[in-house]
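Q: The structure follows.
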Amino acid sequence: MNIREIIRNRRSVFPPQYNDKPVSKEFIKTLLENANYAPTHRLTQPWRFKVVQGETKDRFGTFLADTYTDITSDESFSPFKYKKIINNCKSASAIIAICMQRDPKERVPEWEEVAATAMAVQNMWLTCTESTVGCYWSTPKLIEYVGDFFDFEEEERCLGFFYLGNYDDELEITDSKRESIDNKVMWL
């Protein structure tokens with residue numbers, strides 16, 4: 001695939017679609033190396049990643065599900081959501097916590113650090129698309145509580161979870177539901 005095809009074929013592939021074949025450590029290293037080449041103002045390189053696999057991944061799923069129980073009122077609690085949290089963690093070959101380390105000197109606005117981290121994730125997503133590895137960026141409210149699971153540096157915070165897994169079925173690539181770019185551009 002060329003870059004245009006990779007960009008247009010990028011899709012979310014959710015944990016229930018993953019099979020049992022593990023994503024290799026070599027692929028994850030390549031994925032993270034590609035993330036490391038994202039644009040970054042003043043070379044702050046704010047992206048940080050925590051790769052969760054094996055037994056730690058199962059403990060992470062339990063932690064997230066228990067945290068969901070703790071922060072959710074009885075009226076709002078969903079047994080379906082509780083099970084989904086655990087099952088998503090079990091189904092994924094790896095989960096990468098997407099984190100951002102704020103530049104201690106605050107040489108650039110925080111939004112630029114978040115944007116740079118998001119560009120690193122886009123590099124990861126395109127790498128997965130090109131390699132036919134499933135991935136999904138999740139941003140649940142639970143990210144506010146993962147400091148109780150991970151050791152964060154000062155001014156580091158979680159922006160979401162990047163689920164990874166191999167999948168069997170061919171993804172159906174349909175025409176995008178996006179509006180035409182012509183509706184979003186003003187030529188001056």
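Order determines the names: the first chain of the structure tokens is A, the second B, and so forth; residues in each chain are numbered 1 upward, and ligands are numbered 1 upward as they are shown.
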For the structure I just gave you, how does DSSP split chain A - specifically, which residues are alpha helix (DSSP H)? Reply as a PyMOL selection string.
A: chain A and resi 3-9+25-35+54-71+79-91+110-131
Q: For A:Arg10, find every residue with an atom within 12 Å (counting only C-alpha atoms), except residues of its own chain fewer than 3 positions away, and show them as a list in words.
A: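 Close residues of A:Arg10: Met1, Ile3, Arg4, Glu5, Ile6, Ile7, Val13, Gln122, Asn123, Met124, Trp125, Leu126, Thr127, Cys128, Thr129, Glu130, Ser131, Thr132, Val133, Gly134, Cys135, Tyr136, Leu171, Glu172, Ile173, Thr174 and Ser176 of chain A.
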Q: Emit the selected residues as a short mmCIF file (atom, residue, chain, number, x, y, z; two decimals), in the first residue's frame, including N, CA, C and O atoms.
A:
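Wrote it out as selection.cif, contents follow:
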data_model
loop_
_atom_site.label_atom_id
_atom_site.label_comp_id
_atom_site.auth_asym_id
_atom_site.auth_seq_id
_atom_site.Cartn_x
_atom_site.Cartn_y
_atom_site.Cartn_z
N MET A 1 0.84 -1.19 0.00
CA MET A 1 0.00 0.00 0.00
C MET A 1 0.88 1.25 0.00
O MET A 1 1.90 1.28 0.68
N ILE A 3 1.15 5.47 0.87
CA ILE A 3 0.72 6.23 2.05
C ILE A 3 -0.72 6.70 1.94
O ILE A 3 -1.46 6.69 2.91
N ARG A 4 -1.16 7.07 0.74
CA ARG A 4 -2.55 7.50 0.54
C ARG A 4 -3.51 6.36 0.89
O ARG A 4 -4.50 6.56 1.59
N GLU A 5 -3.20 5.14 0.44
CA GLU A 5 -4.05 3.99 0.73
C GLU A 5 -4.03 3.65 2.22
O GLU A 5 -5.06 3.31 2.81
N ILE A 6 -2.86 3.73 2.83
CA ILE A 6 -2.76 3.45 4.25
C ILE A 6 -3.62 4.42 5.05
O ILE A 6 -4.39 4.02 5.93
N ILE A 7 -3.52 5.70 4.73
CA ILE A 7 -4.31 6.71 5.44
C ILE A 7 -5.80 6.44 5.26
O ILE A 7 -6.58 6.48 6.22
N VAL A 13 -10.00 -1.27 14.90
CA VAL A 13 -10.28 -2.70 15.01
C VAL A 13 -10.36 -2.96 16.50
O VAL A 13 -9.38 -2.78 17.23
N GLN A 122 -0.95 8.59 15.78
CA GLN A 122 -1.31 8.42 14.37
C GLN A 122 -0.22 7.61 13.64
O GLN A 122 -0.55 6.74 12.85
N ASN A 123 1.03 7.86 13.94
CA ASN A 123 2.10 7.05 13.35
C ASN A 123 1.94 5.58 13.72
O ASN A 123 2.16 4.69 12.90
N MET A 124 1.55 5.32 14.97
CA MET A 124 1.32 3.95 15.41
C MET A 124 0.17 3.33 14.64
O MET A 124 0.24 2.19 14.18
N TRP A 125 -0.91 4.10 14.51
CA TRP A 125 -2.10 3.59 13.83
C TRP A 125 -1.81 3.26 12.38
O TRP A 125 -2.23 2.23 11.85
N LEU A 126 -1.07 4.13 11.70
CA LEU A 126 -0.73 3.89 10.30
C LEU A 126 0.20 2.69 10.16
O LEU A 126 0.09 1.92 9.20
N THR A 127 1.10 2.51 11.12
CA THR A 127 1.97 1.34 11.12
C THR A 127 1.14 0.06 11.26
O THR A 127 1.39 -0.92 10.55
N CYS A 128 0.16 0.08 12.14
CA CYS A 128 -0.72 -1.09 12.29
C CYS A 128 -1.51 -1.35 11.01
O CYS A 128 -1.64 -2.50 10.58
N THR A 129 -2.02 -0.30 10.39
CA THR A 129 -2.79 -0.46 9.16
C THR A 129 -1.94 -1.10 8.08
O THR A 129 -2.36 -2.05 7.42
N GLU A 130 -0.73 -0.60 7.91
CA GLU A 130 0.16 -1.12 6.89
C GLU A 130 0.51 -2.59 7.15
O GLU A 130 0.69 -3.36 6.22
N SER A 131 0.56 -2.98 8.41
CA SER A 131 0.96 -4.35 8.79
C SER A 131 -0.23 -5.26 9.07
O SER A 131 -0.04 -6.38 9.56
N THR A 132 -1.45 -4.79 8.85
CA THR A 132 -2.69 -5.51 9.14
C THR A 132 -2.74 -6.04 10.58
O THR A 132 -3.08 -7.19 10.83
N VAL A 133 -2.38 -5.17 11.50
CA VAL A 133 -2.52 -5.45 12.93
C VAL A 133 -3.67 -4.56 13.42
O VAL A 133 -3.72 -3.37 13.10
N GLY A 134 -4.57 -5.14 14.19
CA GLY A 134 -5.70 -4.37 14.69
C GLY A 134 -5.29 -3.46 15.83
O GLY A 134 -4.43 -3.81 16.65
N CYS A 135 -5.92 -2.28 15.87
CA CYS A 135 -5.64 -1.36 16.98
C CYS A 135 -6.84 -0.45 17.20
O CYS A 135 -7.68 -0.28 16.33
N TYR A 136 -6.88 0.11 18.40
CA TYR A 136 -7.98 0.97 18.79
C TYR A 136 -7.50 1.88 19.91
O TYR A 136 -6.93 1.41 20.89
N LEU A 171 -10.99 -6.71 6.83
CA LEU A 171 -11.79 -5.54 7.17
C LEU A 171 -12.53 -5.06 5.94
O LEU A 171 -11.96 -4.99 4.85
N GLU A 172 -13.79 -4.76 6.14
CA GLU A 172 -14.57 -4.22 5.03
C GLU A 172 -14.23 -2.74 4.92
O GLU A 172 -14.51 -1.96 5.83
N ILE A 173 -13.62 -2.38 3.83
CA ILE A 173 -13.27 -0.98 3.60
C ILE A 173 -14.34 -0.40 2.69
O ILE A 173 -14.43 -0.74 1.51
N THR A 174 -15.17 0.43 3.27
CA THR A 174 -16.24 1.06 2.51
C THR A 174 -15.89 2.53 2.28
O THR A 174 -14.94 3.05 2.85
N SER A 176 -15.77 6.24 2.82
CA SER A 176 -15.79 6.99 4.06
C SER A 176 -17.09 7.77 4.21
O SER A 176 -17.67 8.23 3.23
#
Q: Find the distance between atom CA of A:Tyr163 and atom CA of A:Asn88 and write it in Å to one decimal.
A: 8.2 Å
Q: Please list as a ChimeraX atom specification every residue within 12 Å of A:Ala116, counting only C-alpha atoms and excluding residues in the same chain fewer than 4 positions away.
A: /A:35-48,98-103,108-112,120-123,159
Q: To one decimal place in Å, what is the distance between atom CA of A:Tyr82 and atom CA of A:Pro140?
A: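 Interatomic distance here is 12.6 Å.
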